[in-house]
file model_5.tsv (TSV, C-alpha atoms and all ligand atoms)
chain	number	residue	atom	x	y	z
A	30	MET	CA	-12.69	38.68	-67.33
A	31	SER	CA	-11.72	39.90	-63.86
A	32	ILE	CA	-10.11	37.07	-61.95
A	33	ASN	CA	-10.97	36.46	-58.31
A	34	PRO	CA	-8.05	37.89	-56.22
A	35	GLU	CA	-8.10	34.71	-54.08
A	36	ILE	CA	-7.16	32.69	-57.18
A	37	ILE	CA	-4.33	35.09	-57.97
A	38	HIS	CA	-3.05	34.89	-54.38
A	39	LEU	CA	-3.22	31.08	-54.41
A	40	LEU	CA	-1.20	30.84	-57.61
A	41	LYS	CA	1.31	33.47	-56.54
A	42	THR	CA	2.07	31.69	-53.27
A	43	ALA	CA	1.83	28.05	-54.44
A	44	GLN	CA	4.99	25.97	-54.24
A	45	HIS	CA	3.45	23.15	-56.28
A	46	VAL	CA	0.73	23.55	-58.92
A	47	ALA	CA	-0.82	20.38	-60.38
A	48	ILE	CA	-2.78	20.63	-63.62
A	49	LEU	CA	-5.08	18.15	-65.36
A	50	THR	CA	-6.00	18.96	-68.95
A	51	GLY	CA	-8.59	17.45	-71.28
A	52	ALA	CA	-9.70	17.81	-74.86
A	53	GLY	CA	-11.12	21.32	-74.28
A	54	VAL	CA	-7.57	22.71	-74.05
A	55	SER	CA	-6.99	21.72	-77.69
A	56	ALA	CA	-10.44	22.84	-78.93
A	57	GLU	CA	-9.14	26.29	-79.88
A	58	SER	CA	-6.41	24.62	-81.95
A	59	GLY	CA	-9.17	23.05	-84.05
A	60	VAL	CA	-9.08	19.56	-82.50
A	61	PRO	CA	-12.66	18.39	-81.84
A	62	THR	CA	-13.28	17.53	-78.20
A	63	PHE	CA	-13.86	13.87	-77.55
A	64	ARG	CA	-17.57	14.29	-76.98
A	65	ASP	CA	-18.07	16.60	-80.00
A	66	ALA	CA	-19.23	14.83	-83.12
A	67	PHE	CA	-16.43	13.94	-85.54
A	68	SER	CA	-17.48	14.89	-89.02
A	69	GLY	CA	-17.35	12.91	-92.25
A	70	LEU	CA	-17.42	9.15	-92.43
A	71	TRP	CA	-17.55	8.84	-88.65
A	72	GLU	CA	-20.35	11.23	-87.82
A	73	ASP	CA	-22.76	8.37	-87.16
A	74	PHE	CA	-20.45	6.82	-84.58
A	75	ASP	CA	-20.14	7.66	-80.91
A	76	PRO	CA	-16.40	8.19	-80.22
A	77	THR	CA	-16.78	6.52	-76.84
A	78	GLU	CA	-17.92	3.39	-78.66
A	79	LEU	CA	-14.91	3.40	-81.01
A	80	ALA	CA	-12.33	3.79	-78.23
A	81	THR	CA	-12.51	0.22	-76.95
A	82	PRO	CA	-10.57	-2.99	-77.63
A	83	GLU	CA	-13.92	-4.64	-78.41
A	84	ALA	CA	-14.67	-2.13	-81.19
A	85	PHE	CA	-11.18	-2.65	-82.63
A	86	LEU	CA	-11.51	-6.44	-82.64
A	87	ALA	CA	-15.01	-6.24	-84.13
A	88	ASN	CA	-14.03	-3.83	-86.91
A	89	PRO	CA	-10.27	-3.22	-86.89
A	90	LYS	CA	-10.08	-1.35	-90.18
A	91	MET	CA	-12.79	1.13	-89.24
A	92	VAL	CA	-11.18	1.92	-85.89
A	93	TRP	CA	-7.71	2.06	-87.48
A	94	ASP	CA	-9.00	4.50	-90.14
A	95	TRP	CA	-10.68	6.69	-87.49
A	96	TYR	CA	-7.35	7.05	-85.70
A	97	ALA	CA	-5.52	7.59	-89.02
A	98	MET	CA	-7.93	10.46	-89.78
A	99	ARG	CA	-7.30	11.98	-86.34
A	100	ARG	CA	-3.51	11.50	-86.71
A	101	THR	CA	-3.63	13.46	-89.98
A	102	MET	CA	-5.81	16.14	-88.33
A	103	ILE	CA	-3.44	16.74	-85.40
A	104	GLY	CA	-0.49	16.88	-87.80
A	105	GLU	CA	-2.11	19.99	-89.25
A	106	VAL	CA	-2.81	21.96	-86.06
A	107	ALA	CA	-0.68	24.01	-83.69
A	108	PRO	CA	-0.71	24.80	-79.97
A	109	ASN	CA	-3.02	27.68	-78.98
A	110	PRO	CA	-2.57	30.48	-76.40
A	111	GLY	CA	-3.82	28.13	-73.64
A	112	HIS	CA	-0.98	25.64	-74.28
A	113	HIS	CA	1.53	28.51	-74.44
A	114	ALA	CA	0.24	30.01	-71.18
A	115	LEU	CA	0.88	26.69	-69.41
A	116	VAL	CA	4.48	26.75	-70.67
A	117	ALA	CA	4.83	30.27	-69.24
A	118	LEU	CA	3.28	29.16	-65.93
A	119	GLU	CA	5.92	26.44	-65.64
A	120	SER	CA	8.63	29.12	-65.54
A	121	ILE	CA	6.75	31.16	-62.89
A	122	VAL	CA	5.80	28.61	-60.22
A	123	PRO	CA	8.45	26.66	-58.25
A	124	LYS	CA	7.00	23.25	-59.22
A	125	LEU	CA	4.39	22.35	-61.81
A	126	THR	CA	3.05	18.88	-62.61
A	127	LEU	CA	1.24	18.80	-65.95
A	128	ILE	CA	-1.07	15.81	-66.37
A	129	THR	CA	-2.97	15.40	-69.63
A	130	GLN	CA	-5.63	13.08	-70.94
A	131	ASN	CA	-4.90	14.34	-74.45
A	132	VAL	CA	-3.17	12.16	-77.01
A	133	ASP	CA	-2.45	15.00	-79.47
A	134	GLY	CA	1.04	16.04	-78.27
A	135	LEU	CA	0.16	19.76	-78.33
A	136	HIS	CA	1.49	20.46	-74.80
A	137	GLN	CA	4.84	19.00	-75.83
A	138	ALA	CA	4.74	20.92	-79.14
A	139	ALA	CA	4.20	24.15	-77.17
A	140	GLY	CA	7.25	23.38	-75.04
A	141	SER	CA	5.84	21.98	-71.79
A	142	GLN	CA	8.37	19.75	-70.04
A	143	ALA	CA	7.72	16.33	-68.52
A	144	VAL	CA	4.06	15.96	-69.46
A	145	LEU	CA	2.32	13.00	-67.78
A	146	CYS	CA	0.27	11.46	-70.61
A	147	LEU	CA	-2.44	9.34	-68.98
A	148	HIS	CA	-4.14	8.13	-72.18
A	149	GLY	CA	-1.14	7.55	-74.46
A	150	ASN	CA	0.04	9.13	-77.68
A	151	LEU	CA	-1.82	9.10	-80.98
A	152	GLN	CA	1.42	9.35	-82.99
A	153	ARG	CA	2.77	6.08	-81.57
A	154	VAL	CA	1.70	2.66	-82.84
A	155	ARG	CA	2.21	-0.80	-81.33
A	156	CYS	CA	0.95	-4.29	-82.04
A	157	PHE	CA	-2.23	-5.41	-80.35
A	158	SER	CA	-1.09	-8.48	-78.41
A	159	ASN	CA	2.64	-8.08	-77.83
A	160	GLY	CA	3.13	-4.33	-77.57
A	161	HIS	CA	5.96	-4.15	-80.14
A	162	TYR	CA	6.40	-0.49	-81.12
A	163	VAL	CA	6.49	0.21	-84.85
A	164	THR	CA	7.60	3.50	-86.39
A	165	GLU	CA	6.89	2.92	-90.07
A	166	TRP	CA	3.98	1.26	-91.78
A	167	ALA	CA	2.07	1.50	-95.07
A	168	GLU	CA	-1.64	2.33	-95.29
A	169	THR	CA	-3.40	-0.38	-97.32
A	170	ASP	CA	-6.90	-1.85	-97.55
A	171	SER	CA	-6.36	-3.71	-94.29
A	172	VAL	CA	-4.88	-2.89	-90.90
A	173	PRO	CA	-1.07	-2.95	-91.11
A	174	VAL	CA	0.68	-5.72	-89.21
A	175	CYS	CA	3.70	-5.90	-86.91
A	176	PRO	CA	6.93	-6.82	-88.77
A	177	THR	CA	8.08	-8.80	-85.69
A	178	CYS	CA	5.06	-10.97	-84.87
A	179	GLY	CA	2.47	-10.37	-87.62
A	180	ASP	CA	-0.15	-9.13	-85.15
A	181	MET	CA	-2.41	-6.18	-86.04
A	182	LEU	CA	-1.10	-2.70	-85.25
A	183	ARG	CA	-3.12	-0.32	-83.07
A	184	PRO	CA	-2.65	3.24	-81.81
A	185	ASP	CA	-0.71	3.50	-78.54
A	186	VAL	CA	-3.64	5.03	-76.67
A	187	VAL	CA	-5.61	3.85	-73.63
A	188	TRP	CA	-9.06	2.55	-74.51
A	189	PHE	CA	-11.98	2.06	-72.12
A	190	GLY	CA	-11.43	-1.02	-69.98
A	191	GLU	CA	-7.64	-0.80	-70.37
A	192	ASN	CA	-5.23	0.15	-67.61
A	193	LEU	CA	-3.50	3.50	-67.57
A	194	PRO	CA	0.33	3.57	-67.49
A	195	VAL	CA	1.22	2.82	-63.85
A	196	LEU	CA	4.02	5.33	-63.32
A	197	GLU	CA	2.00	8.19	-64.87
A	198	ILE	CA	-1.20	7.59	-62.90
A	199	GLU	CA	0.67	7.02	-59.62
A	200	THR	CA	2.69	10.21	-60.12
A	201	ALA	CA	-0.52	12.09	-60.98
A	202	PHE	CA	-2.28	10.94	-57.78
A	203	ALA	CA	0.80	11.82	-55.71
A	204	ALA	CA	0.83	15.32	-57.27
A	205	ALA	CA	-2.90	15.80	-56.56
A	206	ALA	CA	-2.28	14.92	-52.92
A	207	ASP	CA	0.87	17.04	-52.60
A	208	CYS	CA	-0.01	20.22	-54.56
A	209	ASP	CA	-0.99	23.61	-53.13
A	210	VAL	CA	-3.50	24.18	-55.92
A	211	PHE	CA	-5.00	21.92	-58.60
A	212	LEU	CA	-6.30	23.17	-61.96
A	213	ALA	CA	-8.80	21.05	-63.95
A	214	ILE	CA	-8.89	22.51	-67.45
A	215	GLY	CA	-11.08	21.58	-70.43
A	216	THR	CA	-12.20	18.20	-69.21
A	217	SER	CA	-15.74	16.85	-68.90
A	218	ALA	CA	-14.58	15.10	-65.69
A	219	LEU	CA	-16.45	11.97	-66.72
A	220	VAL	CA	-13.67	9.50	-67.39
A	221	HIS	CA	-11.93	7.76	-64.50
A	222	PRO	CA	-9.40	7.44	-63.04
A	223	ALA	CA	-8.40	10.91	-64.40
A	224	ALA	CA	-11.68	12.40	-63.12
A	225	SER	CA	-10.76	11.25	-59.60
A	226	LEU	CA	-7.62	13.43	-59.54
A	227	PRO	CA	-9.31	16.74	-58.59
A	228	ILE	CA	-11.35	14.82	-56.00
A	229	GLU	CA	-8.08	13.47	-54.57
A	230	ALA	CA	-6.77	17.05	-54.35
A	231	LEU	CA	-9.91	18.18	-52.50
A	232	LYS	CA	-9.67	15.18	-50.17
A	233	HIS	CA	-6.24	16.45	-49.11
A	234	GLY	CA	-7.58	19.98	-48.54
A	235	ASN	CA	-6.01	21.34	-51.74
A	236	PRO	CA	-8.11	23.93	-53.61
A	237	VAL	CA	-9.33	23.06	-57.10
A	238	ILE	CA	-9.84	25.64	-59.84
A	239	GLU	CA	-11.93	24.47	-62.79
A	240	ILE	CA	-11.60	26.21	-66.17
A	241	ASN	CA	-14.37	25.24	-68.59
A	242	PRO	CA	-17.10	27.08	-70.54
A	243	GLU	CA	-19.60	24.39	-69.47
A	244	GLU	CA	-20.67	22.82	-66.18
A	245	THR	CA	-19.27	19.39	-65.41
A	246	PRO	CA	-19.78	16.87	-62.59
A	247	LEU	CA	-16.79	18.58	-60.93
A	248	THR	CA	-18.19	22.12	-61.00
A	249	ARG	CA	-20.16	21.97	-57.76
A	250	SER	CA	-17.25	20.55	-55.75
A	251	ALA	CA	-14.54	22.76	-57.29
A	252	THR	CA	-13.29	25.52	-54.99
A	253	TYR	CA	-13.32	28.08	-57.83
A	254	GLN	CA	-14.72	28.08	-61.35
A	255	LEU	CA	-13.52	30.17	-64.27
A	256	ASN	CA	-16.17	29.89	-66.96
A	257	GLY	CA	-14.79	30.33	-70.43
A	258	PRO	CA	-12.37	29.01	-73.02
A	259	SER	CA	-8.92	28.08	-71.73
A	260	GLY	CA	-7.25	29.82	-74.69
A	261	VAL	CA	-8.56	33.12	-73.28
A	262	ILE	CA	-8.57	32.47	-69.53
A	263	LEU	CA	-5.12	30.89	-69.15
A	264	PRO	CA	-3.20	33.83	-70.73
A	265	GLU	CA	-5.21	36.21	-68.49
A	266	LEU	CA	-4.39	34.13	-65.43
A	267	VAL	CA	-0.68	34.06	-66.24
A	268	ALA	CA	-0.67	37.82	-66.91
A	269	ALA	CA	-2.37	38.39	-63.54
A	270	ILE	CA	0.34	36.57	-61.57
A	271	THR	CA	3.34	37.84	-63.50
B	301	LIG	C1	-13.45	23.55	-73.24
B	301	LIG	C2	-13.31	24.30	-74.40
B	301	LIG	C3	-12.39	25.36	-74.36
B	301	LIG	C4	-14.75	22.76	-74.79
B	301	LIG	N1	-11.72	25.61	-73.23
B	301	LIG	N2	-12.78	23.81	-72.12
B	301	LIG	C5	-14.91	4.66	-61.87
B	301	LIG	C6	-16.22	5.02	-61.97
B	301	LIG	C7	-16.92	4.79	-63.17
B	301	LIG	C8	-16.32	4.20	-64.26
B	301	LIG	C9	-15.00	3.83	-64.15
B	301	LIG	C10	-14.31	4.06	-62.98
B	301	LIG	N3	-13.03	3.62	-63.15
B	301	LIG	C11	-12.91	3.13	-64.41
B	301	LIG	C12	-14.09	3.24	-65.04
B	301	LIG	C13	-14.36	2.82	-66.45
B	301	LIG	C14	-13.92	3.85	-67.48
B	301	LIG	C15	-14.71	5.14	-67.26
B	301	LIG	O1	-14.24	6.10	-66.70
B	301	LIG	N4	-15.93	5.19	-67.77
B	301	LIG	C16	-16.76	6.42	-67.64
B	301	LIG	C17	-17.14	6.92	-69.02
B	301	LIG	C18	-17.94	6.09	-66.79
B	301	LIG	N5	-12.50	4.08	-67.41
B	301	LIG	C19	-11.63	3.28	-68.00
B	301	LIG	O2	-11.99	2.28	-68.61
B	301	LIG	C20	-10.16	3.60	-67.88
B	301	LIG	N6	-9.42	2.45	-67.49
B	301	LIG	C21	-9.43	2.00	-66.23
B	301	LIG	O3	-9.98	2.59	-65.34
B	301	LIG	O4	-8.73	0.82	-66.07
B	301	LIG	C22	-8.98	0.07	-64.87
B	301	LIG	C23	-10.25	-0.68	-65.12
B	301	LIG	C24	-10.27	-1.61	-66.14
B	301	LIG	C25	-11.45	-2.34	-66.36
B	301	LIG	C26	-12.60	-2.06	-65.62
B	301	LIG	C27	-12.56	-1.06	-64.63
B	301	LIG	C28	-11.37	-0.40	-64.37
B	301	LIG	C29	-9.57	3.99	-69.23
B	301	LIG	C30	-10.10	5.27	-69.75
B	301	LIG	C31	-9.49	5.55	-71.12
B	301	LIG	C32	-10.11	6.75	-71.80
B	301	LIG	N7	-9.69	6.79	-73.16
B	301	LIG	C33	-10.14	7.88	-74.01
B	301	LIG	C34	-9.70	7.58	-75.45
B	301	LIG	C35	-8.22	7.85	-75.64
B	301	LIG	C36	-7.79	7.66	-77.05
B	301	LIG	C37	-8.50	8.58	-78.02
B	301	LIG	O5	-8.35	9.81	-77.97
B	301	LIG	O6	-9.21	8.07	-78.88
B	301	LIG	O7	-9.60	9.11	-73.55
B	301	LIG	S1	-11.91	8.15	-73.92
B	301	LIG	C38	-11.81	9.91	-74.03
B	301	LIG	O8	-12.29	10.53	-72.81
B	301	LIG	C39	-10.33	10.23	-74.14
B	301	LIG	C40	-10.22	11.44	-73.28
B	301	LIG	O9	-8.88	11.62	-72.85
B	301	LIG	C41	-11.17	11.13	-72.16
B	301	LIG	C42	-11.63	12.32	-71.39
B	301	LIG	O10	-12.28	13.23	-72.21
B	301	LIG	P1	-12.06	14.80	-71.98
B	301	LIG	O11	-10.64	15.13	-72.22
B	301	LIG	O12	-12.62	15.19	-70.68
B	301	LIG	O13	-12.86	15.41	-73.21
B	301	LIG	P2	-14.43	15.64	-73.39
B	301	LIG	O14	-14.67	15.75	-74.84
B	301	LIG	O15	-15.22	14.65	-72.64
B	301	LIG	O16	-14.71	17.05	-72.68
B	301	LIG	C43	-14.18	18.24	-73.22
B	301	LIG	C44	-14.46	19.35	-72.22
B	301	LIG	O17	-13.86	20.53	-72.72
B	301	LIG	C45	-15.95	19.68	-72.05
B	301	LIG	O18	-16.26	19.77	-70.66
B	301	LIG	C46	-16.11	21.05	-72.71
B	301	LIG	O19	-17.08	21.87	-72.07
B	301	LIG	C47	-14.73	21.62	-72.53
B	301	LIG	N8	-14.33	22.64	-73.51
B	301	LIG	N9	-14.10	23.83	-75.35
B	301	LIG	C48	-11.90	24.88	-72.13
B	301	LIG	N10	-12.15	26.19	-75.43
call {"tool": "encode", "arguments": {"input": "model_5.tsv", "output": "structure tokens", "more": "lines below"}}
Ligand code: BJW
result
Amino acid sequence: MSINPEIIHLLKTAQHVAILTGAGVSAESGVPTFRDAFSGLWEDFDPTELATPEAFLANPKMVWDWYAMRRTMIGEVAPNPGHHALVALESIVPKLTLITQNVDGLHQAAGSQAVLCLHGNLQRVRCFSNGHYVTEWAETDSVPVCPTCGDMLRPDVVWFGENLPVLEIETAFAAAADCDVFLAIGTSALVHPAASLPIEALKHGNPVIEINPEETPLTRSATYQLNGPSGVILPELVAAIT
């Protein structure tokens, strides 16, 4: 793909690049996007209906098992050229703020520094009511419990209706306001407050580049669109500014 020279100029001259990633960035690693159907036992369930505290309290074992399946899945995948290109970009631009909605740890596995994880980390587990972190547990016929308080364990991710970590979301909004260019990559731009970040960038007059093979609610407002998979486009973009 030939990349618009204005995009190349923007990235070459930017002092601060802010980036928001979503599930699409990990799609080429073999991780299903959030709104793709998960296969197997869960194919009849809408993921957005499982990612709530209400779903967990109604059927804790089913939700626990869904996350256990996904934890196993991400243990078997590796970062793709899109993740690696973002690591390379970090060494090219003076300042880069990487904000992710992903809970799979693939940016960190690729070598990105200081990733702002808005929706938590699938590999971490804490108890439901008291937030005690637990590093070892046994899989049994029921949801494992906290050794400190006996409460049920849950994945350390942010479900619908729950607050995002304050420092991460505040730093992300500050970066959107401060950056010279904002990249929204592989996100359906449906879930707030993350979906408000590119809008915040635009509000401050900062150009937004969207990278996605599909249209999203952001597409019409984005300053530039690069239509295609991030595992192809990001390495091309980095090569073009190097
Ligand atoms: C590719 C590709 C390739 C494919 N290359 N691209 C304001 C307005 C309206 C609603 C709200 C609002 N503020 C808050 C809300 C409520 C709610 C919300 O946003 N609801 C909307 C659905 C309407 N938000 C919340 O509840 C948040 N909390 C909150 O705001 O607290 C304050 C509050 C509390 C109570 C009431 C009100 C406010 C919390 C949101 C937590 C989201 N959690 C999840 C689950 C995490 C754990 C887990 O993984 O199980 O996070 S939901 C899910 O969606 C997950 C994702 O991080 C998130 C975003 O999804 P993402 O990453 O965009 O993935 P997809 O699958 O949607 O899209 C993939 C994209 O990739 C597609 O576009 C493809 O085309 C593309 N793609 N291949 C590049 N190769």
call {"tool": "residues_near_ligand", "arguments": {"input": "model_5.tsv", "ligand": "ligand LIG 301 (chain B)", "cutoff": "7 Å", "atoms": "only C-alpha atoms and all ligand atoms", "output": "PyMOL selection string"}}
result
chain A and resi 50-54+56-57+62-65+77+80+130-132+148+186-193+214-222+240-245+257-260
call {"tool": "write_last_selection", "arguments": {"input": "model_5.tsv", "atoms": "C-alpha atoms", "output": "short mmCIF file (atom, residue, chain, number, x, y, z; two decimals), in the frame of the given file"}}
result
data_model
loop_
_atom_site.label_atom_id
_atom_site.label_comp_id
_atom_site.auth_asym_id
_atom_site.auth_seq_id
_atom_site.Cartn_x
_atom_site.Cartn_y
_atom_site.Cartn_z
CA THR A 50 -6.00 18.96 -68.95
CA GLY A 51 -8.59 17.45 -71.28
CA ALA A 52 -9.70 17.81 -74.86
CA GLY A 53 -11.12 21.32 -74.28
CA VAL A 54 -7.57 22.71 -74.05
CA ALA A 56 -10.44 22.84 -78.93
CA GLU A 57 -9.14 26.29 -79.88
CA THR A 62 -13.28 17.53 -78.20
CA PHE A 63 -13.86 13.87 -77.55
CA ARG A 64 -17.57 14.29 -76.98
CA ASP A 65 -18.07 16.60 -80.00
CA THR A 77 -16.78 6.52 -76.84
CA ALA A 80 -12.33 3.79 -78.23
CA GLN A 130 -5.63 13.08 -70.94
CA ASN A 131 -4.90 14.34 -74.45
CA VAL A 132 -3.17 12.16 -77.01
CA HIS A 148 -4.14 8.13 -72.18
CA VAL A 186 -3.64 5.03 -76.67
CA VAL A 187 -5.61 3.85 -73.63
CA TRP A 188 -9.06 2.55 -74.51
CA PHE A 189 -11.98 2.06 -72.12
CA GLY A 190 -11.43 -1.02 -69.98
CA GLU A 191 -7.64 -0.80 -70.37
CA ASN A 192 -5.23 0.15 -67.61
CA LEU A 193 -3.50 3.50 -67.57
CA ILE A 214 -8.89 22.51 -67.45
CA GLY A 215 -11.08 21.58 -70.43
CA THR A 216 -12.20 18.20 -69.21
CA SER A 217 -15.74 16.85 -68.90
CA ALA A 218 -14.58 15.10 -65.69
CA LEU A 219 -16.45 11.97 -66.72
CA VAL A 220 -13.67 9.50 -67.39
CA HIS A 221 -11.93 7.76 -64.50
CA PRO A 222 -9.40 7.44 -63.04
CA ILE A 240 -11.60 26.21 -66.17
CA ASN A 241 -14.37 25.24 -68.59
CA PRO A 242 -17.10 27.08 -70.54
CA GLU A 243 -19.60 24.39 -69.47
CA GLU A 244 -20.67 22.82 -66.18
CA THR A 245 -19.27 19.39 -65.41
CA GLY A 257 -14.79 30.33 -70.43
CA PRO A 258 -12.37 29.01 -73.02
CA SER A 259 -8.92 28.08 -71.73
CA GLY A 260 -7.25 29.82 -74.69
#
call {"tool": "closest_residue", "arguments": {"input": "model_5.tsv", "among": "A:Pro61, A:Gly179, A:Pro34, A:Gly140", "to": "A:Pro108", "atoms": "all atoms listed in the file"}}
result
A:Gly140
call {"tool": "residues_near_point", "arguments": {"input": "model_5.tsv", "point": "(3.8, 11.1, -60.3)", "cutoff": "12 Å", "atoms": "only C-alpha atoms", "output": "PyMOL selection string"}}
result
chain A and resi 47+125-128+143-147+194-208+226
call {"tool": "closest_residue", "arguments": {"input": "model_5.tsv", "among": "A:Asp180, A:Glu265, A:Glu239, A:Glu168", "to": "A:Ala97", "atoms": "all atoms listed in the file"}}
result
A:Glu168
call {"tool": "atom_distance", "arguments": {"input": "model_5.tsv", "atom1": "atom CA of A:Met30", "atom2": "atom CA of A:Glu229"}}
result
28.6 Å
call {"tool": "residues_around", "arguments": {"input": "model_5.tsv", "residues": "A:Thr177", "least_positions_apart": "2", "cutoff": "10 Å", "atoms": "all atoms listed in the file", "output": "PyMOL selection string"}}
result
chain A and resi 156+159+161-163+174-175+179-180
call {"tool": "atom_distance", "arguments": {"input": "model_5.tsv", "atom1": "atom CA of A:Val237", "atom2": "atom CA of A:Gln254"}}
result
8.5 Å
call {"tool": "atom_distance", "arguments": {"input": "model_5.tsv", "atom1": "atom CA of A:Lys41", "atom2": "atom CA of A:Pro236"}}
result
13.7 Å
